[in-house]
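A.B. asks: My structure is in coords_37.tsv, and what it holds is TSV, C-alpha atoms and all ligand atoms:
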```tsv
chain	number	residue	atom	x	y	z
A	1	MET	CA	-143.58	-79.52	25.02
A	2	ARG	CA	-142.32	-76.34	23.44
A	3	LEU	CA	-143.22	-73.87	26.20
A	4	ASN	CA	-142.79	-76.14	29.19
A	5	ASN	CA	-142.74	-74.23	32.50
A	6	LYS	CA	-142.94	-70.86	30.73
A	7	ILE	CA	-145.26	-68.14	31.97
A	8	GLY	CA	-146.83	-65.83	29.46
A	9	ILE	CA	-149.47	-63.27	28.59
A	10	VAL	CA	-151.61	-63.20	25.46
A	11	THR	CA	-153.69	-60.08	24.78
A	12	ALA	CA	-156.85	-60.03	22.66
A	13	ALA	CA	-156.94	-63.69	23.64
A	14	ALA	CA	-160.70	-64.27	23.78
A	15	SER	CA	-161.14	-64.54	20.02
A	16	GLY	CA	-159.42	-65.27	16.73
A	17	MET	CA	-155.66	-65.68	16.60
A	18	GLY	CA	-155.12	-64.67	20.23
A	19	ARG	CA	-157.50	-67.37	21.42
A	20	ALA	CA	-155.85	-69.95	19.16
A	21	GLY	CA	-152.48	-68.92	20.58
A	22	ALA	CA	-153.52	-68.99	24.24
A	23	VAL	CA	-155.01	-72.48	23.85
A	24	ARG	CA	-152.00	-73.77	21.95
A	25	PHE	CA	-149.39	-72.26	24.27
A	26	ALA	CA	-151.13	-73.82	27.28
A	27	ALA	CA	-151.18	-77.18	25.49
A	28	GLU	CA	-147.42	-76.71	24.97
A	29	GLY	CA	-146.88	-76.40	28.73
A	30	ALA	CA	-147.16	-72.65	29.38
A	31	SER	CA	-149.13	-70.99	32.16
A	32	VAL	CA	-151.12	-68.37	30.28
A	33	ALA	CA	-152.78	-65.10	31.28
A	34	VAL	CA	-155.72	-64.68	28.90
A	35	VAL	CA	-156.31	-60.91	28.53
A	36	ASP	CA	-159.29	-59.40	26.76
A	37	LEU	CA	-162.01	-56.76	26.96
A	38	ASP	CA	-164.71	-59.40	26.66
A	39	ASN	CA	-165.23	-60.83	30.13
A	40	GLU	CA	-167.42	-63.81	29.21
A	41	ALA	CA	-165.33	-64.86	26.23
A	42	THR	CA	-162.19	-64.61	28.38
A	43	ASP	CA	-163.72	-66.93	30.95
A	44	ALA	CA	-164.66	-69.37	28.20
A	45	VAL	CA	-161.04	-69.55	26.99
A	46	VAL	CA	-159.79	-70.10	30.54
A	47	ARG	CA	-162.34	-72.89	30.99
A	48	GLN	CA	-161.28	-74.47	27.68
A	49	ILE	CA	-157.62	-74.44	28.74
A	50	THR	CA	-158.18	-75.76	32.25
A	51	ALA	CA	-160.59	-78.46	31.03
A	52	ALA	CA	-157.76	-79.73	28.84
A	53	GLY	CA	-155.42	-79.85	31.86
A	54	GLY	CA	-153.64	-76.55	31.18
A	55	LYS	CA	-152.99	-73.56	33.43
A	56	ALA	CA	-154.64	-70.21	32.75
A	57	ILE	CA	-156.03	-67.11	34.41
A	58	GLY	CA	-158.40	-64.60	32.85
A	59	LEU	CA	-157.82	-60.86	33.07
A	60	SER	CA	-160.61	-58.72	31.66
A	61	GLY	CA	-160.27	-55.04	30.87
A	62	ASP	CA	-159.58	-52.32	28.37
A	63	LEU	CA	-155.94	-52.20	27.25
A	64	THR	CA	-156.24	-48.55	26.18
A	65	ARG	CA	-156.23	-47.83	29.91
A	66	ASP	CA	-152.60	-47.54	31.00
A	67	ASP	CA	-153.35	-48.88	34.47
A	68	PHE	CA	-154.86	-52.07	33.05
A	69	ALA	CA	-152.09	-52.49	30.45
A	70	ARG	CA	-149.60	-52.44	33.34
A	71	ASP	CA	-151.74	-54.44	35.73
A	72	ILE	CA	-151.87	-57.49	33.45
A	73	VAL	CA	-148.14	-57.91	34.11
A	74	ARG	CA	-148.47	-57.40	37.87
A	75	GLN	CA	-151.33	-59.89	38.15
A	76	THR	CA	-149.63	-62.51	35.99
A	77	VAL	CA	-146.43	-62.33	38.02
A	78	SER	CA	-148.33	-62.43	41.30
A	79	GLN	CA	-150.42	-65.45	40.25
A	80	PHE	CA	-147.79	-67.51	38.43
A	81	GLY	CA	-144.53	-66.27	40.00
A	82	GLY	CA	-142.77	-64.73	36.99
A	83	LEU	CA	-142.97	-63.86	33.30
A	84	ASP	CA	-141.22	-65.36	30.27
A	85	PHE	CA	-143.19	-64.08	27.28
A	86	VAL	CA	-145.85	-61.65	26.12
A	87	TRP	CA	-147.80	-61.82	22.89
A	88	ASN	CA	-149.02	-58.24	22.44
A	89	HIS	CA	-151.69	-59.23	19.97
A	90	VAL	CA	-154.30	-56.53	20.61
A	91	GLY	CA	-155.03	-54.07	17.80
A	92	THR	CA	-157.73	-52.37	15.80
A	93	PRO	CA	-158.24	-51.56	12.12
A	94	GLY	CA	-158.85	-47.88	12.88
A	95	PRO	CA	-160.63	-45.53	10.50
A	96	ALA	CA	-160.40	-45.96	6.74
A	97	SER	CA	-161.16	-42.35	5.89
A	98	ILE	CA	-158.58	-39.58	5.51
A	99	GLU	CA	-160.55	-36.55	4.35
A	100	GLY	CA	-163.13	-35.82	7.00
A	101	LEU	CA	-161.30	-38.06	9.45
A	102	ASP	CA	-162.54	-37.85	13.03
A	103	TRP	CA	-159.26	-37.36	14.88
A	104	LYS	CA	-160.63	-39.09	17.95
A	105	ASP	CA	-160.73	-42.28	15.85
A	106	PHE	CA	-157.11	-41.70	14.84
A	107	ASP	CA	-156.06	-41.26	18.47
A	108	PHE	CA	-157.91	-44.41	19.50
A	109	ALA	CA	-156.22	-46.47	16.76
A	110	MET	CA	-152.76	-45.22	17.78
A	111	ASN	CA	-153.53	-45.74	21.46
A	112	LEU	CA	-154.58	-49.34	21.08
A	113	ASN	CA	-152.16	-50.42	18.34
A	114	VAL	CA	-149.01	-48.65	19.50
A	115	ARG	CA	-149.28	-47.05	22.92
A	116	SER	CA	-151.02	-49.87	24.82
A	117	VAL	CA	-148.51	-52.48	23.67
A	118	LEU	CA	-145.62	-50.26	24.72
A	119	VAL	CA	-147.17	-49.65	28.14
A	120	SER	CA	-147.43	-53.38	28.83
A	121	THR	CA	-143.93	-53.90	27.42
A	122	GLU	CA	-142.50	-51.30	29.78
A	123	ALA	CA	-144.14	-53.14	32.67
A	124	ALA	CA	-142.92	-56.55	31.44
A	125	LEU	CA	-139.24	-55.75	30.88
A	126	PRO	CA	-138.02	-55.91	34.53
A	127	HIS	CA	-139.74	-59.28	34.99
A	128	LEU	CA	-138.22	-60.76	31.82
A	129	ARG	CA	-134.82	-59.49	32.94
A	130	ALA	CA	-135.32	-61.11	36.35
A	131	ARG	CA	-135.72	-64.50	34.60
A	132	GLY	CA	-132.52	-64.03	32.58
A	133	GLY	CA	-134.37	-63.09	29.40
A	134	GLY	CA	-137.60	-63.71	27.56
A	135	SER	CA	-139.56	-63.20	24.41
A	136	LEU	CA	-141.80	-60.33	23.35
A	137	LEU	CA	-144.00	-60.81	20.33
A	138	PHE	CA	-146.15	-58.14	18.69
A	139	THR	CA	-148.85	-58.51	16.08
A	140	ALA	CA	-148.25	-56.19	13.17
A	141	SER	CA	-149.83	-57.09	9.83
A	142	THR	CA	-148.99	-57.22	6.16
A	143	SER	CA	-150.25	-53.63	6.55
A	144	GLY	CA	-147.08	-53.07	8.57
A	145	LEU	CA	-145.01	-54.14	5.56
A	146	GLN	CA	-146.76	-52.57	2.58
A	147	GLY	CA	-149.21	-49.74	1.98
A	148	SER	CA	-152.90	-50.09	1.31
A	149	PRO	CA	-155.12	-47.41	-0.27
A	150	TYR	CA	-157.90	-48.45	2.14
A	151	SER	CA	-155.89	-48.26	5.35
A	152	PRO	CA	-153.21	-45.55	5.54
A	153	ILE	CA	-153.88	-45.04	9.25
A	154	TYR	CA	-153.69	-48.78	9.95
A	155	ASN	CA	-150.47	-48.72	7.89
A	156	ALA	CA	-149.08	-45.95	10.10
A	157	ALA	CA	-149.97	-47.87	13.26
A	158	LYS	CA	-148.64	-51.25	12.14
A	159	PHE	CA	-145.46	-49.82	10.53
A	160	GLY	CA	-145.10	-48.19	13.95
A	161	VAL	CA	-145.35	-51.58	15.63
A	162	VAL	CA	-142.70	-53.00	13.29
A	163	GLY	CA	-140.45	-50.01	14.03
A	164	LEU	CA	-140.92	-50.52	17.74
A	165	VAL	CA	-140.02	-54.20	17.39
A	166	LYS	CA	-136.82	-53.50	15.48
A	167	GLY	CA	-135.67	-50.82	17.92
A	168	LEU	CA	-136.51	-52.88	21.00
A	169	ALA	CA	-134.78	-55.92	19.52
A	170	LYS	CA	-131.54	-53.98	19.18
A	171	ARG	CA	-131.91	-52.38	22.59
A	172	TYR	CA	-132.60	-55.52	24.62
A	173	GLY	CA	-130.99	-58.37	22.67
A	174	HIS	CA	-127.88	-58.27	24.90
A	175	GLU	CA	-130.15	-59.12	27.84
A	176	ASN	CA	-131.45	-62.21	26.06
A	177	ILE	CA	-134.80	-60.50	25.53
A	178	ARG	CA	-135.90	-61.23	21.97
A	179	VAL	CA	-138.47	-58.98	20.29
A	180	ASN	CA	-140.28	-59.99	17.12
A	181	ALA	CA	-143.46	-59.33	15.16
A	182	VAL	CA	-145.81	-61.64	13.38
A	183	CYS	CA	-147.42	-60.05	10.31
A	184	PRO	CA	-150.64	-61.90	9.47
A	185	GLY	CA	-152.23	-61.63	6.08
A	186	THR	CA	-155.99	-61.82	5.70
A	187	THR	CA	-157.09	-64.14	8.53
A	188	ASP	CA	-160.55	-65.53	9.17
A	189	THR	CA	-161.54	-63.81	12.44
A	190	PRO	CA	-164.34	-61.45	13.52
A	191	MET	CA	-161.99	-58.49	13.09
A	192	LEU	CA	-161.61	-59.22	9.40
A	193	ARG	CA	-165.33	-58.59	8.89
A	194	VAL	CA	-165.06	-55.30	10.79
A	195	PHE	CA	-162.03	-54.35	8.73
A	196	VAL	CA	-163.56	-54.81	5.29
A	197	ALA	CA	-166.92	-53.27	6.28
A	198	ARG	CA	-165.59	-50.04	7.81
A	199	PRO	CA	-167.30	-46.90	6.57
A	200	ASP	CA	-165.12	-45.32	3.85
A	201	SER	CA	-163.20	-48.54	3.26
A	202	GLN	CA	-164.38	-48.22	-0.37
A	203	MET	CA	-166.07	-51.61	-0.36
A	204	PRO	CA	-167.43	-51.84	-3.91
A	205	ALA	CA	-171.22	-51.58	-4.28
A	206	GLY	CA	-172.88	-55.00	-4.25
A	207	GLU	CA	-170.13	-56.60	-2.18
A	208	THR	CA	-170.64	-57.95	1.34
A	209	PRO	CA	-167.85	-58.66	3.82
A	210	GLU	CA	-168.14	-62.37	2.94
A	211	THR	CA	-167.88	-61.86	-0.86
A	212	LEU	CA	-164.98	-59.48	-0.39
A	213	ILE	CA	-163.16	-61.86	1.95
A	214	GLY	CA	-163.69	-64.63	-0.62
A	215	LYS	CA	-162.16	-62.43	-3.31
A	216	ARG	CA	-159.21	-61.49	-1.12
A	217	GLY	CA	-158.60	-65.19	-0.51
A	218	GLY	CA	-158.85	-65.87	-4.24
A	219	LEU	CA	-156.17	-63.25	-4.98
A	220	ASN	CA	-153.73	-64.81	-2.50
A	221	PRO	CA	-151.00	-67.04	-3.99
A	222	MET	CA	-152.44	-69.89	-1.88
A	223	ARG	CA	-156.00	-69.08	-3.01
A	224	ARG	CA	-157.40	-68.83	0.51
A	225	VAL	CA	-157.31	-66.70	3.65
A	226	ALA	CA	-155.45	-67.88	6.78
A	227	GLN	CA	-157.00	-69.71	9.71
A	228	PRO	CA	-156.20	-68.30	13.19
A	229	GLU	CA	-154.29	-71.46	14.16
A	230	GLU	CA	-151.83	-70.89	11.31
A	231	ILE	CA	-150.84	-67.55	12.81
A	232	ALA	CA	-150.72	-69.06	16.31
A	233	ASN	CA	-148.27	-71.69	15.03
A	234	ALA	CA	-145.88	-68.98	13.87
A	235	ALA	CA	-146.33	-67.15	17.17
A	236	LEU	CA	-145.51	-70.36	19.05
A	237	PHE	CA	-142.23	-70.70	17.16
A	238	LEU	CA	-141.22	-67.08	17.73
A	239	LEU	CA	-142.03	-67.26	21.45
A	240	SER	CA	-140.32	-70.60	22.05
A	241	ASP	CA	-136.63	-71.36	22.60
A	242	GLU	CA	-136.55	-72.84	19.10
A	243	ALA	CA	-136.31	-69.22	17.94
A	244	SER	CA	-133.43	-68.50	20.35
A	245	TYR	CA	-131.47	-66.49	17.74
A	246	VAL	CA	-134.45	-64.91	15.98
A	247	ASN	CA	-134.60	-61.27	17.05
A	248	GLY	CA	-136.02	-58.18	15.37
A	249	VAL	CA	-137.93	-59.92	12.58
A	250	ALA	CA	-141.33	-58.97	11.20
A	251	LEU	CA	-142.41	-62.38	9.93
A	252	PRO	CA	-145.10	-62.37	7.23
A	253	VAL	CA	-147.57	-65.22	7.65
A	254	ASP	CA	-149.58	-64.32	4.61
A	255	GLY	CA	-149.55	-67.20	2.14
A	256	GLY	CA	-147.04	-65.27	0.04
A	257	ALA	CA	-149.15	-62.13	-0.40
A	258	THR	CA	-146.21	-59.79	0.22
A	259	ALA	CA	-143.65	-61.96	-1.57
B	301	LIG	N1	-157.82	-60.74	11.09
B	301	LIG	C1	-156.96	-60.28	10.21
B	301	LIG	O1	-157.11	-60.45	8.98
B	301	LIG	C2	-155.72	-59.56	10.70
B	301	LIG	C3	-154.66	-59.41	9.80
B	301	LIG	C4	-153.50	-58.79	10.24
B	301	LIG	C5	-153.38	-58.35	11.55
B	301	LIG	N2	-154.44	-58.51	12.40
B	301	LIG	C6	-154.25	-58.06	13.79
B	301	LIG	O2	-154.61	-59.11	14.69
B	301	LIG	C7	-155.06	-58.53	15.93
B	301	LIG	C8	-156.52	-58.91	16.22
B	301	LIG	O3	-156.72	-60.15	15.97
B	301	LIG	P1	-157.90	-61.04	15.45
B	301	LIG	O4	-158.09	-60.85	14.01
B	301	LIG	O5	-157.50	-62.32	16.02
B	301	LIG	O6	-159.21	-60.34	16.11
B	301	LIG	P2	-160.56	-60.86	16.77
B	301	LIG	O7	-161.61	-59.96	16.27
B	301	LIG	O8	-160.75	-62.32	16.61
B	301	LIG	O9	-160.27	-60.57	18.32
B	301	LIG	C9	-159.98	-59.32	18.81
B	301	LIG	C10	-160.09	-59.38	20.33
B	301	LIG	O10	-159.54	-58.16	20.85
B	301	LIG	C11	-160.31	-57.79	21.96
B	301	LIG	N3	-160.15	-56.36	22.20
B	301	LIG	C12	-160.55	-55.35	21.40
B	301	LIG	N4	-160.27	-54.17	21.96
B	301	LIG	C13	-159.66	-54.43	23.14
B	301	LIG	C14	-159.15	-53.61	24.18
B	301	LIG	N5	-159.23	-52.27	24.12
B	301	LIG	N6	-158.61	-54.20	25.27
B	301	LIG	C15	-158.56	-55.56	25.36
B	301	LIG	N7	-159.03	-56.39	24.40
B	301	LIG	C16	-159.58	-55.83	23.30
B	301	LIG	C17	-161.73	-58.15	21.56
B	301	LIG	O11	-162.59	-58.25	22.68
B	301	LIG	C18	-161.53	-59.47	20.83
B	301	LIG	O12	-161.69	-60.59	21.67
B	301	LIG	C19	-154.96	-57.06	15.78
B	301	LIG	O13	-153.71	-56.61	16.24
B	301	LIG	C20	-155.07	-56.89	14.26
B	301	LIG	O14	-154.57	-55.65	13.83
B	301	LIG	C21	-155.61	-59.09	12.01
```
Have the structure of the file written as structure tokens, please.
Ligand SMILES: NC(=O)c1ccc[n+]([C@@H]2O[C@H](COP(=O)([O-])OP(=O)(O)OC[C@H]3O[C@@H](n4cnc5c(N)ncnc54)[C@H](O)[C@@H]3O)[C@@H](O)[C@H]2O)c1

C.D. replies:
Amino acid sequence: MRLNNKIGIVTAAASGMGRAGAVRFAAEGASVAVVDLDNEATDAVVRQITAAGGKAIGLSGDLTRDDFARDIVRQTVSQFGGLDFVWNHVGTPGPASIEGLDWKDFDFAMNLNVRSVLVSTEAALPHLRARGGGSLLFTASTSGLQGSPYSPIYNAAKFGVVGLVKGLAKRYGHENIRVNAVCPGTTDTPMLRVFVARPDSQMPAGETPETLIGKRGGLNPMRRVAQPEEIANAALFLLSDEASYVNGVALPVDGGATA
């Protein structure tokens, strides 16, 4: 098993890629803290993991609250006895508009995408150090690698995540703490529908989220969008000891879209 005896946290773990990751990591031997805003969906993931013989706890709350972003680390360590990895997967598309932007929406996007993941990272670092090292993984996006006319604010946030990853990787590598990002392309989750249907996202008249997602898949070199498990597989590699010399990368998992 690729994460045998490891203890880890997955945020935004009640849905989509985070859920796929939490379930997979537990199947690979990890004890997993399933963190999400959605209380019922969190419980369902914990039940799924434990029914399969895995170890999991559910922690429900809003990661834009600094106290909760820190507390997920405290509770994980107190329940499982340590910490080896964190997948900081939480994020939000943020507003699509620029002119007439409501700055509260901008602040929220930066808070969730950049600030909240740094708050939980700050809390996690002493515990990783205490275990002789560990692995921090962040979810950026292909929007953290290239610009989009529909998402400059999401670009700013996810380029910020990639910048954070590269700086942290250089700062903490000597302590055997590896820091990487996974950069999903268009992936079939509930958030994708929110993303393409945002007001001001310039969705062409006559299109629905489903038709637009179909077209985005059709434009991909692989002629389809990703499934959440395909991103979770890449996350598993980056978190595991198989990636023991992989540090500071922003790995596109995008079917070649940014090639
Ligand atoms: N789906 C895509 O096409 C795509 C592509 C690239 C990057 N991403 C990134 O993936 C991550 C989201 O993943 P997904 O597509 O698996 O989404 P999803 O919609 O399947 O799940 C998002 C989860 O985040 C939780 N959440 C939202 N706000 C929260 C908060 N404040 N505190 C705690 N939990 C919160 C929700 O309850 C939900 O369960 C984000 O970082 C997003 O930017 C998504």

A.B. asks: Hey, which bits of chain A sit within 8 Å of ligand LIG 301 (chain B), and for each residue what's the closest pair of atoms and how far apart in Å (one decimal), counting all atoms listed in the file, rows by chain and increasing number, as a tab-separated table?

C.D. replies:
```
residue	atom	partner	partner_atom	distance
A:Thr11	CA	B:LIG301	N7	6.5
A:Ala12	CA	B:LIG301	O10	3.7
A:Ala13	CA	B:LIG301	O12	6.0
A:Ala14	CA	B:LIG301	O12	4.4
A:Ser15	CA	B:LIG301	O8	4.1
A:Gly16	CA	B:LIG301	O8	3.2
A:Met17	CA	B:LIG301	O5	3.9
A:Gly18	CA	B:LIG301	O5	5.4
A:Arg19	CA	B:LIG301	O5	7.4
A:Val35	CA	B:LIG301	C15	6.6
A:Asp36	CA	B:LIG301	N7	3.8
A:Leu37	CA	B:LIG301	N7	3.9
A:Asp38	CA	B:LIG301	O11	4.7
A:Ala41	CA	B:LIG301	O12	7.2
A:Thr42	CA	B:LIG301	O12	7.8
A:Ser60	CA	B:LIG301	C15	7.3
A:Gly61	CA	B:LIG301	C15	5.8
A:Asp62	CA	B:LIG301	N6	3.8
A:Leu63	CA	B:LIG301	N6	3.9
A:Thr64	CA	B:LIG301	N5	5.2
A:Arg65	CA	B:LIG301	N5	7.9
A:Asn88	CA	B:LIG301	O13	7.9
A:His89	CA	B:LIG301	O13	5.0
A:Val90	CA	B:LIG301	O13	4.4
A:Gly91	CA	B:LIG301	O13	3.3
A:Thr92	CA	B:LIG301	O14	5.0
A:Pro93	CA	B:LIG301	O14	5.8
A:Leu112	CA	B:LIG301	N5	6.3
A:Asn113	CA	B:LIG301	O13	6.7
A:Thr139	CA	B:LIG301	O13	5.2
A:Ala140	CA	B:LIG301	C5	5.8
A:Ser141	CA	B:LIG301	C4	4.1
A:Thr142	CA	B:LIG301	C4	6.3
A:Ser143	CA	B:LIG301	C4	7.1
A:Tyr154	CA	B:LIG301	O14	7.9
A:Lys158	CA	B:LIG301	O14	7.6
A:Cys183	CA	B:LIG301	C4	6.2
A:Pro184	CA	B:LIG301	C4	4.3
A:Gly185	CA	B:LIG301	C3	5.0
A:Thr186	CA	B:LIG301	O1	3.7
A:Thr187	CA	B:LIG301	O1	3.7
A:Asp188	CA	B:LIG301	N1	5.8
A:Thr189	CA	B:LIG301	O8	4.5
A:Pro190	CA	B:LIG301	O7	4.2
A:Met191	CA	B:LIG301	O7	3.5
A:Leu192	CA	B:LIG301	N1	4.4
A:Val194	CA	B:LIG301	O7	8.0
A:Phe195	CA	B:LIG301	O1	7.8
A:Ala226	CA	B:LIG301	O1	7.9
A:Pro228	CA	B:LIG301	O5	6.7
```

A.B. asks: Atom CA of A:Glu210 to atom CA of A:Ala197: how many Å, to one decimal?

C.D. replies: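 If I compute the distance from atom CA of A:Glu210 to atom CA of A:Ala197, I get 9.8 Å.
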
A.B. asks: For stretch 122-133 of chain A, list every protein, DNA or RNA residue within 7 Å, evaluated using all atoms listed in the file, and leave out those in the same chain fewer than 6 positions away; present the list as a PDB file with C-alpha atoms, in the frame of the given file.

C.D. replies:
```
ATOM      1  CA  ARG A  70    -149.600 -52.440  33.340  1.00  0.00           C
ATOM      2  CA  VAL A  73    -148.140 -57.910  34.110  1.00  0.00           C
ATOM      3  CA  GLY A  82    -142.770 -64.730  36.990  1.00  0.00           C
ATOM      4  CA  LEU A  83    -142.970 -63.860  33.300  1.00  0.00           C
ATOM      5  CA  ASP A  84    -141.220 -65.360  30.270  1.00  0.00           C
ATOM      6  CA  GLU A 175    -130.150 -59.120  27.840  1.00  0.00           C
ATOM      7  CA  ASN A 176    -131.450 -62.210  26.060  1.00  0.00           C
ATOM      8  CA  ILE A 177    -134.800 -60.500  25.530  1.00  0.00           C
TER       9      ILE A 177
END
```

A.B. asks: Rounded to one decimal in Å, what is the spacing between atom CA of A:Phe85 and atom CA of A:Ser244?

C.D. replies: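 Result for atom CA of A:Phe85 versus atom CA of A:Ser244: 12.8 Å, one decimal.
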
A.B. asks: Which residue gives the smallest distance to A:Ser201 among A:Asn39, A:Thr121, A:Ser148, A:Thr76, with all atoms listed in the file counted?

C.D. replies: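 Looking only at the distances to A:Ser201, the closest residue turns out to be A:Ser148.
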
A.B. asks: May I ask for the distance between atom CA of A:Asp66 and atom CA of A:Ser120, given in Å to one decimal place?

C.D. replies: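 One can read the atom CA of A:Asp66 to atom CA of A:Ser120 distance as 8.1 Å.
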
A.B. asks: Rank nothing, just name the residue among A:Lys215, A:Arg223, A:Arg115, A:Lys6 nearest to A:Lys55, using all atoms listed in the file.

C.D. replies: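 Checking each candidate against A:Lys55, we get A:Lys6 as the closest.
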
A.B. asks: Which residues come within 9 Å of A:Val249, counting all atoms listed in the file, excluding same-chain residues fewer than 4 positions away, as a compact mmCIF listing (two decimals) with C-alpha atoms, in the frame of the given file?

C.D. replies:
```
# COMPACT_ATOMS: atom_id res chain seq x y z
CA VAL A 162 -142.70 -53.00 13.29
CA VAL A 165 -140.02 -54.20 17.39
CA LYS A 166 -136.82 -53.50 15.48
CA ALA A 169 -134.78 -55.92 19.52
CA VAL A 179 -138.47 -58.98 20.29
CA ASN A 180 -140.28 -59.99 17.12
CA ALA A 181 -143.46 -59.33 15.16
CA VAL A 182 -145.81 -61.64 13.38
```

A.B. asks: Extract, using only C-alpha atoms, all DNA, RNA and protein residues at most 7 Å from A:Val32, discarding same-chain residues fewer than 2 positions from it, and format them as a ChimeraX atom specification.

C.D. replies: /A:7-9,22,26,30,34,55-57

A.B. asks: Compile the contact shell of A:Glu242 as a ChimeraX atom specification: residues with an atom at most 10 Å away, counting all atoms listed in the file, same-chain residues fewer than 5 positions apart removed.

C.D. replies: /A:2-3,236-237

A.B. asks: Just the residues within 12 Å of A:Gly53, please, counting all atoms listed in the file, with nothing from its chain fewer than 6 positions along; format it as a list of chain:residue names.

C.D. replies: A:Val23, A:Ala26, A:Ala27, A:Glu28, A:Gly29, A:Ala30, A:Ser31, A:Val46, A:Arg47

A.B. asks: Ranking A:Ala250, A:Leu136, A:Ala257, A:Met203 by minimum distance to A:Gly217 and counting only C-alpha atoms, which one comes first?

C.D. replies: A:Ala257

A.B. asks: Quick one: of A:Val114, A:Val119, A:Arg24, A:Glu230, who's nearest to A:Gly144, counting all atoms listed in the file?

C.D. replies: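 Looking at the shortest contact to A:Gly144, the residue is A:Val114.
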
A.B. asks: With only C-alpha atoms as the atoms that count, which of A:Val246, A:Ala234, A:Val196, A:Ala259 lies nearest to A:Pro221?

C.D. replies: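 That would be A:Ala259, the residue with the smallest distance to A:Pro221.
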
A.B. asks: Take every atom of stretch 123-134 of chain A listed in the file, pad by 8 Å on each side, and give me the axis-aligned box centre and edge lengths in Å, one decimal, as lines of an AutoDock Vina configuration file.

C.D. replies:
```
center_x = -138.3
center_y = -58.8
center_z = 32.0
size_x = 27.6
size_y = 27.4
size_z = 24.8
```

A.B. asks: Kindly indicate which residue among A:Ala69, A:Ala44, A:Ala157, A:Val77 lies nearest to A:Phe108, using all atoms listed in the file for the distances.

C.D. replies: A:Ala157

A.B. asks: Hey, could you patch up stretch 82-93 of chain A with N, CA, C and O atoms and hand it over as a PDB file, keeping the file's coordinate frame?

C.D. replies:
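Dumped to out34.pdb:
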```pdb
ATOM      1  N   GLY A  82    -143.786 -65.244  37.905  1.00  0.00           N
ATOM      2  CA  GLY A  82    -142.770 -64.730  36.990  1.00  0.00           C
ATOM      3  C   GLY A  82    -143.373 -64.450  35.633  1.00  0.00           C
ATOM      4  O   GLY A  82    -144.604 -64.511  35.460  1.00  0.00           O
ATOM      5  N   LEU A  83    -142.486 -64.126  34.673  1.00  0.00           N
ATOM      6  CA  LEU A  83    -142.970 -63.860  33.300  1.00  0.00           C
ATOM      7  C   LEU A  83    -141.850 -64.201  32.316  1.00  0.00           C
ATOM      8  O   LEU A  83    -140.705 -63.768  32.495  1.00  0.00           O
ATOM      9  N   ASP A  84    -142.195 -64.985  31.307  1.00  0.00           N
ATOM     10  CA  ASP A  84    -141.220 -65.360  30.270  1.00  0.00           C
ATOM     11  C   ASP A  84    -141.552 -64.806  28.885  1.00  0.00           C
ATOM     12  O   ASP A  84    -140.664 -64.634  28.061  1.00  0.00           O
ATOM     13  N   PHE A  85    -142.843 -64.600  28.622  1.00  0.00           N
ATOM     14  CA  PHE A  85    -143.190 -64.080  27.280  1.00  0.00           C
ATOM     15  C   PHE A  85    -144.485 -63.292  27.316  1.00  0.00           C
ATOM     16  O   PHE A  85    -145.323 -63.470  28.207  1.00  0.00           O
ATOM     17  N   VAL A  86    -144.601 -62.392  26.342  1.00  0.00           N
ATOM     18  CA  VAL A  86    -145.850 -61.650  26.120  1.00  0.00           C
ATOM     19  C   VAL A  86    -146.134 -61.651  24.635  1.00  0.00           C
ATOM     20  O   VAL A  86    -145.245 -61.316  23.841  1.00  0.00           O
ATOM     21  N   TRP A  87    -147.336 -62.052  24.272  1.00  0.00           N
ATOM     22  CA  TRP A  87    -147.800 -61.820  22.890  1.00  0.00           C
ATOM     23  C   TRP A  87    -148.753 -60.632  22.938  1.00  0.00           C
ATOM     24  O   TRP A  87    -149.899 -60.751  23.361  1.00  0.00           O
ATOM     25  N   ASN A  88    -148.231 -59.467  22.536  1.00  0.00           N
ATOM     26  CA  ASN A  88    -149.020 -58.240  22.440  1.00  0.00           C
ATOM     27  C   ASN A  88    -149.809 -58.300  21.132  1.00  0.00           C
ATOM     28  O   ASN A  88    -149.404 -57.748  20.111  1.00  0.00           O
ATOM     29  N   HIS A  89    -150.945 -58.986  21.204  1.00  0.00           N
ATOM     30  CA  HIS A  89    -151.690 -59.230  19.970  1.00  0.00           C
ATOM     31  C   HIS A  89    -152.781 -58.182  19.725  1.00  0.00           C
ATOM     32  O   HIS A  89    -153.278 -58.041  18.603  1.00  0.00           O
ATOM     33  N   VAL A  90    -153.155 -57.422  20.756  1.00  0.00           N
ATOM     34  CA  VAL A  90    -154.300 -56.530  20.610  1.00  0.00           C
ATOM     35  C   VAL A  90    -154.054 -55.488  19.512  1.00  0.00           C
ATOM     36  O   VAL A  90    -152.920 -55.067  19.275  1.00  0.00           O
ATOM     37  N   GLY A  91    -155.124 -55.097  18.838  1.00  0.00           N
ATOM     38  CA  GLY A  91    -155.030 -54.070  17.800  1.00  0.00           C
ATOM     39  C   GLY A  91    -156.400 -53.786  17.233  1.00  0.00           C
ATOM     40  O   GLY A  91    -157.378 -54.465  17.564  1.00  0.00           O
ATOM     41  N   THR A  92    -156.448 -52.760  16.403  1.00  0.00           N
ATOM     42  CA  THR A  92    -157.730 -52.370  15.800  1.00  0.00           C
ATOM     43  C   THR A  92    -157.488 -51.850  14.401  1.00  0.00           C
ATOM     44  O   THR A  92    -156.434 -51.259  14.139  1.00  0.00           O
ATOM     45  N   PRO A  93    -158.433 -52.063  13.489  1.00  0.00           N
ATOM     46  CA  PRO A  93    -158.240 -51.560  12.120  1.00  0.00           C
ATOM     47  C   PRO A  93    -158.141 -50.039  12.057  1.00  0.00           C
ATOM     48  O   PRO A  93    -157.452 -49.492  11.214  1.00  0.00           O
TER      49      PRO A  93
END
```
